[in-house]
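Okay, input-v7.cif is below, mmCIF, C-alpha atoms (C1' of nucleotides):
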```
data_start
loop_
_atom_site.label_atom_id
_atom_site.label_comp_id
_atom_site.auth_asym_id
_atom_site.auth_seq_id
_atom_site.Cartn_x
_atom_site.Cartn_y
_atom_site.Cartn_z
CA MET A 908 72.68 89.44 94.05
CA ASN A 909 76.23 88.24 94.55
CA ASP A 910 76.69 88.70 90.88
CA GLU A 911 77.49 92.21 91.97
CA LEU A 912 80.04 90.88 94.38
CA ARG A 913 81.79 88.93 91.69
CA ARG A 914 81.90 91.83 89.32
CA ASN A 915 83.30 93.97 92.08
CA LEU A 916 86.14 91.68 93.00
CA ALA A 917 89.39 93.50 92.40
CA LEU A 918 91.52 91.12 90.39
CA PHE A 919 93.50 92.78 87.62
CA PRO A 920 96.61 94.90 87.66
CA ILE A 921 96.76 97.95 85.48
CA GLY A 922 98.84 96.24 82.82
CA ILE A 923 96.08 93.80 82.04
CA VAL A 924 93.49 96.53 82.05
CA GLN A 925 95.53 98.41 79.50
CA LYS A 926 95.39 95.46 77.18
CA LEU A 927 91.72 94.81 77.76
CA THR A 928 90.70 98.40 77.20
CA GLU A 929 93.45 99.71 74.95
CA LEU A 930 93.75 102.71 77.18
CA THR A 931 97.11 103.92 78.41
CA ALA A 932 98.01 103.77 82.09
CA ARG A 933 98.07 107.54 82.01
CA GLN A 934 94.48 107.68 80.85
CA ILE A 935 93.30 105.12 83.34
CA ARG A 936 94.88 107.01 86.22
CA TYR A 937 93.53 110.27 84.93
CA TYR A 938 90.01 108.89 84.83
CA GLU A 939 90.47 107.66 88.34
CA GLN A 940 91.56 111.13 89.40
CA HIS A 941 88.26 112.34 88.07
CA HIS A 942 86.36 109.68 90.01
CA LEU A 943 85.10 107.88 86.98
CA ILE A 944 86.47 104.71 88.50
CA GLN A 945 87.74 103.79 91.91
CA PRO A 946 89.88 100.69 91.72
CA ALA A 947 90.97 98.94 94.90
CA ARG A 948 94.56 98.97 96.06
CA THR A 949 96.91 96.31 97.22
CA GLU A 950 98.68 96.67 100.53
CA GLY A 951 101.55 98.09 98.56
CA ASN A 952 99.25 100.69 97.01
CA GLN A 953 99.05 99.20 93.55
CA ARG A 954 95.75 99.44 91.75
CA LEU A 955 93.56 96.39 91.34
CA PHE A 956 90.63 96.53 88.97
CA SER A 957 87.37 94.65 88.96
CA PHE A 958 85.26 93.60 86.00
CA ASN A 959 83.05 96.54 86.84
CA ASP A 960 86.01 98.85 86.56
CA VAL A 961 86.99 97.40 83.21
CA GLU A 962 83.42 97.66 82.06
CA ARG A 963 83.24 101.31 83.01
CA LEU A 964 86.54 101.99 81.32
CA LEU A 965 85.25 100.46 78.13
CA GLU A 966 82.21 102.68 78.31
CA ILE A 967 84.37 105.69 78.98
CA LYS A 968 86.60 104.86 76.06
CA LYS A 969 83.60 104.56 73.81
CA LEU A 970 82.42 108.01 74.80
CA ILE A 971 85.86 109.55 74.64
CA ASP A 972 86.29 108.11 71.16
CA GLN A 973 83.08 109.88 70.24
CA GLY A 974 84.61 113.18 71.19
CA ILE A 975 82.86 113.57 74.52
CA ASN A 976 84.97 115.15 77.24
CA ILE A 977 85.38 114.10 80.85
CA ALA A 978 82.63 116.41 82.07
CA GLY A 979 80.28 114.85 79.57
CA VAL A 980 81.30 111.35 80.52
CA LYS A 981 80.69 112.15 84.16
CA LYS A 982 77.18 113.27 83.41
CA MET A 983 76.50 110.21 81.33
CA ILE A 984 77.88 107.43 83.46
CA GLY A 985 78.23 109.11 86.83
CA THR A 986 81.09 108.99 89.24
CA GLN A 987 82.29 106.14 91.38
CA THR A 988 82.40 106.46 95.15
CA VAL A 989 82.66 102.86 96.31
CA PRO A 990 85.93 101.12 95.58
CA SER A 991 86.02 97.60 94.19
CA GLU A 992 86.54 94.93 96.79
CA LEU A 993 89.73 93.12 97.50
CA PRO A 994 89.66 89.38 97.75
CA SER A 995 90.79 88.92 101.33
CA ILE A 996 91.39 85.70 103.13
CA ASP A 997 90.10 85.47 106.65
CA GLN A 998 88.77 82.40 108.40
CA PRO A 999 89.01 79.54 105.92
CA ASP A 1000 87.36 77.10 108.35
CA GLU A 1001 83.86 77.80 109.45
CA ALA A 1002 82.88 78.35 105.87
CA VAL A 1003 81.06 75.06 105.72
CA ALA A 1004 79.53 75.34 109.15
CA LYS A 1005 77.01 78.11 108.78
CA THR A 1006 74.86 78.08 105.72
CA LYS A 1007 71.90 80.22 106.57
CA GLU A 1008 73.14 83.10 108.62
CA MET A 1009 76.10 83.98 106.47
CA SER A 1010 77.18 87.54 106.71
CA ASP A 1011 78.06 89.31 103.52
CA GLU A 1012 81.67 89.05 104.50
CA GLU A 1013 81.54 85.33 104.94
CA LEU A 1014 79.68 84.85 101.73
CA HIS A 1015 82.29 86.92 100.05
CA GLU A 1016 84.83 84.53 101.49
CA LEU A 1017 83.12 81.47 100.16
CA LEU A 1018 82.63 83.13 96.84
CA LYS A 1019 86.30 83.67 96.43
CA GLN A 1020 87.14 80.13 97.16
CA GLU A 1021 84.50 78.68 94.94
CA LEU A 1022 84.77 81.47 92.46
CA VAL A 1023 85.59 79.53 89.42
CA LEU A 1024 84.64 76.01 90.38
CA ARG A 1025 81.72 74.63 88.52
CA GLY A 1026 80.58 71.18 87.56
CA ARG A 1027 83.72 69.74 86.15
CA PRO A 1028 84.33 66.08 85.59
CA GLY A 1029 85.08 64.73 89.02
CA THR A 1030 84.34 67.97 90.79
CA GLN A 1031 81.52 68.80 93.08
CA GLY A 1032 81.42 72.54 93.67
CA SER A 1033 80.17 72.87 97.21
CA LEU A 1034 77.53 75.01 98.84
CA ILE A 1035 76.94 77.75 96.49
CA GLN A 1036 76.59 76.36 93.00
CA GLY A 1037 73.68 77.81 91.19
CA GLU A 1038 75.00 81.14 92.24
CA LEU A 1039 78.30 80.50 90.62
CA SER A 1040 77.26 78.61 87.59
CA ARG A 1041 76.17 81.96 86.28
CA PHE A 1042 79.68 83.20 86.28
CA PHE A 1043 80.60 81.99 82.88
CA HIS A 1044 77.58 80.20 81.76
CA MET B 988 82.56 77.69 72.34
CA ASN B 989 84.27 80.97 73.09
CA ASP B 990 83.36 80.37 76.65
CA GLU B 991 86.54 78.39 76.56
CA LEU B 992 88.37 81.37 75.21
CA ARG B 993 87.19 83.55 78.01
CA ARG B 994 88.12 81.08 80.65
CA ASN B 995 91.53 80.76 79.09
CA LEU B 996 92.30 84.45 79.05
CA ALA B 997 95.38 85.06 81.16
CA LEU B 998 94.46 87.88 83.47
CA PHE B 999 95.70 87.46 87.03
CA PRO B 1000 99.11 87.86 88.55
CA ILE B 1001 100.26 85.31 91.08
CA GLY B 1002 99.49 87.53 94.04
CA ILE B 1003 95.80 87.50 93.26
CA VAL B 1004 95.83 83.79 92.63
CA GLN B 1005 97.32 83.28 96.05
CA LYS B 1006 94.41 85.07 97.62
CA LEU B 1007 91.82 83.33 95.51
CA THR B 1008 93.18 79.87 96.19
CA GLU B 1009 94.92 80.31 99.53
CA LEU B 1010 97.93 78.57 98.11
CA THR B 1011 101.42 80.00 98.54
CA ALA B 1012 103.40 81.22 95.56
CA ARG B 1013 105.80 78.40 96.26
CA GLN B 1014 103.06 75.83 95.89
CA ILE B 1015 101.67 77.38 92.76
CA ARG B 1016 105.07 77.39 91.10
CA TYR B 1017 105.73 73.87 92.26
CA TYR B 1018 102.51 72.66 90.71
CA GLU B 1019 103.43 74.40 87.52
CA GLN B 1020 106.78 72.63 87.56
CA HIS B 1021 104.84 69.42 87.64
CA HIS B 1022 102.69 70.50 84.69
CA LEU B 1023 99.49 70.61 86.64
CA ILE B 1024 98.98 74.11 85.30
CA GLN B 1025 100.63 76.12 82.59
CA PRO B 1026 99.99 79.81 83.11
CA ALA B 1027 100.89 82.32 80.42
CA ARG B 1028 103.70 84.80 80.83
CA THR B 1029 104.03 88.52 80.35
CA GLU B 1030 106.74 89.89 78.14
CA GLY B 1031 108.75 90.32 81.30
CA ASN B 1032 108.26 86.64 82.13
CA GLN B 1033 105.80 87.08 84.94
CA ARG B 1034 103.08 84.50 85.27
CA LEU B 1035 99.53 85.35 84.26
CA PHE B 1036 96.73 83.02 85.25
CA SER B 1037 93.38 82.36 83.64
CA PHE B 1038 90.14 81.36 85.30
CA ASN B 1039 90.87 77.86 84.12
CA ASP B 1040 94.18 77.95 85.92
CA VAL B 1041 92.56 79.16 89.11
CA GLU B 1042 89.91 76.53 88.75
CA ARG B 1043 92.48 73.79 88.40
CA LEU B 1044 94.40 75.12 91.36
CA LEU B 1045 91.29 74.99 93.49
CA GLU B 1046 90.77 71.39 92.46
CA ILE B 1047 94.37 70.61 93.20
CA LYS B 1048 94.13 72.21 96.60
CA LYS B 1049 91.04 70.21 97.38
CA LEU B 1050 92.85 66.98 96.58
CA ILE B 1051 96.02 67.99 98.36
CA ASP B 1052 93.97 68.86 101.42
CA GLN B 1053 92.60 65.35 101.25
CA GLY B 1054 96.10 63.98 101.57
CA ILE B 1055 96.58 63.04 97.94
CA ASN B 1056 100.07 63.61 96.58
CA ILE B 1057 101.15 65.17 93.32
CA ALA B 1058 101.31 61.87 91.50
CA GLY B 1059 97.76 61.15 92.54
CA VAL B 1060 96.58 64.59 91.55
CA LYS B 1061 98.17 64.15 88.14
CA LYS B 1062 96.28 60.96 87.58
CA MET B 1063 93.03 62.51 88.67
CA ILE B 1064 93.04 65.82 86.87
CA GLY B 1065 95.72 65.25 84.25
CA THR B 1066 98.48 67.56 83.17
CA GLN B 1067 98.32 70.78 81.25
CA THR B 1068 100.11 71.20 77.96
CA VAL B 1069 98.50 74.25 76.45
CA PRO B 1070 99.23 77.57 78.13
CA SER B 1071 96.50 80.08 78.85
CA GLU B 1072 96.19 82.83 76.29
CA LEU B 1073 97.43 86.35 76.65
CA PRO B 1074 95.09 89.18 75.81
CA SER B 1075 97.00 90.86 72.99
CA ILE B 1076 96.04 93.97 71.13
CA ASP B 1077 96.50 93.96 67.37
CA GLN B 1078 94.37 95.69 64.79
CA PRO B 1079 91.63 97.56 66.64
CA ASP B 1080 90.03 98.75 63.41
CA GLU B 1081 88.67 96.15 61.06
CA ALA B 1082 86.92 94.52 63.94
CA VAL B 1083 83.60 95.92 62.80
CA ALA B 1084 84.21 95.27 59.12
CA LYS B 1085 84.16 91.52 58.84
CA THR B 1086 81.45 89.68 60.64
CA LYS B 1087 81.28 86.31 59.00
CA GLU B 1088 84.77 85.27 58.16
CA MET B 1089 86.33 86.10 61.47
CA SER B 1090 89.37 84.11 62.30
CA ASP B 1091 89.71 82.79 65.77
CA GLU B 1092 92.32 85.40 66.36
CA GLU B 1093 90.08 88.23 65.37
CA LEU B 1094 87.24 86.92 67.40
CA HIS B 1095 89.57 86.70 70.31
CA GLU B 1096 90.35 90.33 69.70
CA LEU B 1097 86.76 91.39 69.71
CA LEU B 1098 86.08 89.30 72.74
CA LYS B 1099 88.66 91.10 74.73
CA GLN B 1100 87.30 94.47 73.88
CA GLU B 1101 83.74 93.57 74.55
CA LEU B 1102 84.68 91.24 77.33
CA VAL B 1103 82.76 92.76 80.09
CA LEU B 1104 80.29 94.96 78.28
CA ARG B 1105 76.71 93.89 78.56
CA GLY B 1106 73.39 95.68 78.38
CA ARG B 1107 73.99 98.57 80.65
CA PRO B 1108 71.85 101.66 80.79
CA GLY B 1109 72.95 103.69 77.84
CA THR B 1110 75.23 101.06 76.44
CA GLN B 1111 74.91 99.05 73.31
CA GLY B 1112 77.42 96.22 73.28
CA SER B 1113 78.29 95.77 69.63
CA LEU B 1114 78.49 92.76 67.38
CA ILE B 1115 78.87 89.83 69.61
CA GLN B 1116 76.35 90.22 72.37
CA GLY B 1117 74.67 86.93 72.96
CA GLU B 1118 78.10 85.46 73.10
CA LEU B 1119 79.13 87.78 75.86
CA SER B 1120 75.96 88.06 77.81
CA ARG B 1121 76.86 84.65 79.11
CA PHE B 1122 79.89 85.97 80.83
CA PHE B 1123 78.34 86.89 84.08
CA HIS B 1124 74.75 86.20 83.54
"C1'" DA C 1038 97.75 135.72 67.14
"C1'" DT C 1039 97.89 134.96 72.24
"C1'" DG C 1040 96.81 132.68 76.03
"C1'" DC C 1041 94.47 129.16 78.77
"C1'" DA C 1042 92.36 124.81 80.09
"C1'" DG C 1043 91.73 119.96 79.15
"C1'" DA C 1044 93.69 115.59 77.95
"C1'" DT C 1045 97.44 112.94 77.19
"C1'" DG C 1046 102.50 111.91 76.45
"C1'" DT C 1047 107.03 111.53 78.52
"C1'" DT C 1048 110.61 111.15 81.87
"C1'" DA C 1049 112.66 110.37 86.34
"C1'" DT C 1050 112.69 108.12 90.64
"C1'" DA C 1051 111.16 105.05 94.11
"C1'" DA C 1052 108.78 101.11 95.68
"C1'" DA C 1053 106.20 96.87 95.19
"C1'" DG C 1054 105.69 92.47 93.11
"C1'" DA C 1055 107.45 88.55 91.10
"C1'" DA C 1056 111.22 85.27 89.08
"C1'" DT C 1057 114.89 82.13 89.94
"C1'" DT C 1058 117.97 79.65 92.63
"C1'" DA C 1059 119.72 77.55 96.47
"C1'" DC C 1060 119.37 75.78 100.85
"C1'" DA C 1061 116.53 74.28 105.01
"C1'" DT C 1062 112.96 71.42 107.07
"C1'" DG C 1063 109.41 68.13 108.46
"C1'" DA C 1064 107.03 63.99 107.38
"C1'" DA C 1065 106.74 59.72 105.43
"C1'" DT C 1066 109.24 55.57 103.41
"C1'" DT C 1067 112.59 52.52 102.85
"C1'" DA D 1108 119.76 56.65 109.23
"C1'" DA D 1109 119.13 57.95 104.59
"C1'" DT D 1110 116.01 59.38 100.87
"C1'" DT D 1111 112.24 61.55 98.76
"C1'" DC D 1112 108.33 64.62 98.61
"C1'" DA D 1113 106.25 69.02 99.48
"C1'" DT D 1114 106.91 73.24 101.19
"C1'" DG D 1115 109.29 77.14 103.70
"C1'" DT D 1116 112.75 80.71 103.57
"C1'" DA D 1117 116.34 83.82 101.97
"C1'" DA D 1118 119.09 86.33 98.50
"C1'" DT D 1119 119.31 88.57 94.29
"C1'" DT D 1120 117.68 90.37 90.13
"C1'" DC D 1121 114.25 92.00 87.01
"C1'" DT D 1122 109.55 93.69 85.94
"C1'" DT D 1123 105.76 96.32 86.89
"C1'" DT D 1124 103.55 100.06 88.96
"C1'" DA D 1125 103.21 104.60 91.55
"C1'" DT D 1126 103.85 109.50 91.82
"C1'" DA D 1127 105.21 113.82 90.31
"C1'" DA D 1128 106.76 117.11 87.27
"C1'" DC D 1129 107.07 118.92 82.94
"C1'" DA D 1130 106.07 118.79 77.85
"C1'" DT D 1131 102.80 118.83 74.02
"C1'" DC D 1132 98.64 119.38 71.46
"C1'" DT D 1133 94.06 120.90 70.60
"C1'" DG D 1134 90.16 123.84 70.91
"C1'" DC D 1135 88.30 127.98 72.48
"C1'" DA D 1136 88.02 132.67 74.27
"C1'" DT D 1137 90.07 136.86 74.27
#
```

Take the structure from the file and write it as structure tokens.
Amino acid sequence: MNDELRRNLALFPIGIVQKLTELTARQIRYYEQHHLIQPARTEGNQRLFSFNDVERLLEIKKLIDQGINIAGVKKMIGTQTVPSELPSIDQPDEAVAKTKEMSDEELHELLKQELVLRGRPGTQGSLIQGELSRFFH
Amino acid sequence: MNDELRRNLALFPIGIVQKLTELTARQIRYYEQHHLIQPARTEGNQRLFSFNDVERLLEIKKLIDQGINIAGVKKMIGTQTVPSELPSIDQPDEAVAKTKEMSDEELHELLKQELVLRGRPGTQGSLIQGELSRFFH
DNA sequence: ATGCAGATGTTATAAAGAATTACATGAATT
DNA sequence: AATTCATGTAATTCTTTATAACATCTGCAT
């Protein structure tokens, strides 16, 4: 449910994605040109990739390595129209206030802040919790 | 077990970490100076943060926001001596060959490549699998 | 064989992002 | 008032990324 949100959070620069996927920057940009992925951008226009993007790139690579061309890949995994979401910081306050009527935006906010916090010795991850424990575990 | 590995993978540049934690770059570097975190570095010496690093930073922020000073934070969450690990690409071949006697390094390798791949329509995440399904789910 | 399209490499140039260092500042302590 | 802690700010340099143009290679159709 917000698993999707997490996987869509744009977090990695292209350099990291290169290492994770063993694709060249050239390839990654080329695949973007063909709408196989649609990474987010920073204010300065630099690409930021989500886990979903990396996942798709790994799938693409697998198919490419099998000799399938871009057209084929498109048919098999479709094209991407919605860009991955930037982690943006808005109103860091009222987060705790509302709990029921949280808009998607606000939830997104909370998510970011609690993103990685789980039950650690001496830590009490707030509101969310079960939602986030899934992240790694 | 390799959950730890995943959480230690250095993936984020400082800009992203700023947004995720709402700390300034100045603060993040200052905390590093005081060994509260020890992010990895790129070849070009730029910091790369792992989920663990972000997690620790969120804890630090929480304590700081409560008025606790660095000395106090150190006592409470300890200092960091081992840097987060860089995702490095080595021998992309023999990955499939060995399955039993995989060194930690090799497993690390595999992990990176399969990092985000899970059961997707039309996808068959290789070897690992159970190990990785935990990542998000 | 020739030519073309697809996929990727390479190079040049500009801009964004980040590193380090030094100095400034506000608050709390002595 | 002087000092220390935590952070802001500014200057400079280096790294990383973006775009665009051109080069190369491969497979296929002529």

Determine the residue membership of the PyMOL selection byres ((chain C) within 10 of (chain B)) for the file above and supply it as a ChimeraX atom specification.
/C:1054-1056

What residues have an atom no more than 12 Å from (113.7, 84.0, 105.0) in the file's own frame, counting only C-alpha atoms (C1' of nucleotides), and can you write them as a PyMOL selection string?
(chain C and resi 1060-1061) or (chain D and resi 1115-1118)

When the PyMOL selection byres ((chain D) within 9 of (chain B)) is applied to the file above, which residues end up in the set, as a list of chain:residue names?
D:DC1112, D:DA1113, D:DT1114, D:DG1115, D:DC1121, D:DT1122, D:DT1123

May I have the residues from that selection written out with C-alpha atoms (C1' of nucleotides), as a compact mmCIF listing (two decimals), keeping the file's coordinate frame?
```
# COMPACT_ATOMS: atom_id res chain seq x y z
C1' DC D 1112 108.33 64.62 98.61
C1' DA D 1113 106.25 69.02 99.48
C1' DT D 1114 106.91 73.24 101.19
C1' DG D 1115 109.29 77.14 103.70
C1' DC D 1121 114.25 92.00 87.01
C1' DT D 1122 109.55 93.69 85.94
C1' DT D 1123 105.76 96.32 86.89
```

As a check of understanding: the span from atom C1' of DA1053 of chain C to atom C1' of DT1120 of chain D is 14.1 Å

So that I can see what lies close to Leu1035 of chain B, please list as a PDB file with C-alpha atoms (C1' of nucleotides), in the frame of the given file the residues with an atom at most 12 Å from it, counting only C-alpha atoms (C1' of nucleotides) and leaving out residues fewer than 2 positions away in the same chain.
```pdb
ATOM      1  CA  LEU A 918      91.520  91.120  90.390  1.00  0.00           C
ATOM      2  CA  PHE A 919      93.500  92.780  87.620  1.00  0.00           C
ATOM      3  CA  PRO A 920      96.610  94.900  87.660  1.00  0.00           C
ATOM      4  CA  GLY A 922      98.840  96.240  82.820  1.00  0.00           C
ATOM      5  CA  ILE A 923      96.080  93.800  82.040  1.00  0.00           C
TER       6      ILE A 923
ATOM      7  CA  ASN B 995      91.530  80.760  79.090  1.00  0.00           C
ATOM      8  CA  LEU B 996      92.300  84.450  79.050  1.00  0.00           C
ATOM      9  CA  ALA B 997      95.380  85.060  81.160  1.00  0.00           C
ATOM     10  CA  LEU B 998      94.460  87.880  83.470  1.00  0.00           C
ATOM     11  CA  PHE B 999      95.700  87.460  87.030  1.00  0.00           C
ATOM     12  CA  PRO B1000      99.110  87.860  88.550  1.00  0.00           C
ATOM     13  CA  ILE B1001     100.260  85.310  91.080  1.00  0.00           C
ATOM     14  CA  GLY B1002      99.490  87.530  94.040  1.00  0.00           C
ATOM     15  CA  ILE B1003      95.800  87.500  93.260  1.00  0.00           C
ATOM     16  CA  VAL B1004      95.830  83.790  92.630  1.00  0.00           C
ATOM     17  CA  ILE B1015     101.670  77.380  92.760  1.00  0.00           C
ATOM     18  CA  ARG B1016     105.070  77.390  91.100  1.00  0.00           C
ATOM     19  CA  ILE B1024      98.980  74.110  85.300  1.00  0.00           C
ATOM     20  CA  GLN B1025     100.630  76.120  82.590  1.00  0.00           C
ATOM     21  CA  PRO B1026      99.990  79.810  83.110  1.00  0.00           C
ATOM     22  CA  ALA B1027     100.890  82.320  80.420  1.00  0.00           C
ATOM     23  CA  ARG B1028     103.700  84.800  80.830  1.00  0.00           C
ATOM     24  CA  THR B1029     104.030  88.520  80.350  1.00  0.00           C
ATOM     25  CA  GLU B1030     106.740  89.890  78.140  1.00  0.00           C
ATOM     26  CA  GLY B1031     108.750  90.320  81.300  1.00  0.00           C
ATOM     27  CA  ASN B1032     108.260  86.640  82.130  1.00  0.00           C
ATOM     28  CA  GLN B1033     105.800  87.080  84.940  1.00  0.00           C
ATOM     29  CA  SER B1037      93.380  82.360  83.640  1.00  0.00           C
ATOM     30  CA  PHE B1038      90.140  81.360  85.300  1.00  0.00           C
ATOM     31  CA  ASN B1039      90.870  77.860  84.120  1.00  0.00           C
ATOM     32  CA  ASP B1040      94.180  77.950  85.920  1.00  0.00           C
ATOM     33  CA  VAL B1041      92.560  79.160  89.110  1.00  0.00           C
ATOM     34  CA  PRO B1070      99.230  77.570  78.130  1.00  0.00           C
ATOM     35  CA  SER B1071      96.500  80.080  78.850  1.00  0.00           C
ATOM     36  CA  GLU B1072      96.190  82.830  76.290  1.00  0.00           C
ATOM     37  CA  LEU B1073      97.430  86.350  76.650  1.00  0.00           C
ATOM     38  CA  PRO B1074      95.090  89.180  75.810  1.00  0.00           C
TER      39      PRO B1074
ATOM     40  C1'  DA C1055     107.450  88.550  91.100  1.00  0.00           C
TER      41       DA C1055
END
```

Starting from the displayed file, determine the output of the PyMOL selection byres ((chain B and resi 1061) around 12) and express the residue list as a ChimeraX atom specification.
/B:1018-1019,1021-1024,1043,1046-1047,1050-1051,1055-1060,1062-1067

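Each of A:Val989, A:Gln973, A:Glu929, A:Phe956 was checked against chain B using all atoms listed in the file; the smallest atom-to-atom distance is that of A:Glu929.
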
Among the residues A:Asp972, A:Leu964, A:Lys926, A:Gln940, the one that comes closest to chain B [using all atoms listed in the file]:
A:Lys926

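The interatomic distance for the pair atom CA of Thr988 of chain A and atom C1' of DT1124 of chain D works out to 22.9 Å.
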
Give the centre and edge lengths of an axis-aligned box, in Å to one decimal, that holds all listed atoms of segment 1055-1061 of chain C with 6 Å on each side, as JSON.
```
{"center_x": 113.6, "center_y": 81.4, "center_z": 97.0, "size_x": 24.3, "size_y": 26.3, "size_z": 27.9}
```

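Atom pair atom C1' of DG1043 of chain C / atom C1' of DT1133 of chain D has a distance of 8.9 Å (rounded to one decimal).
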
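Of the listed residues (A:Gln925, A:Lys968, A:Gly974, A:Glu962), A:Glu962 comes nearest to chain B; the distances count all atoms listed in the file.
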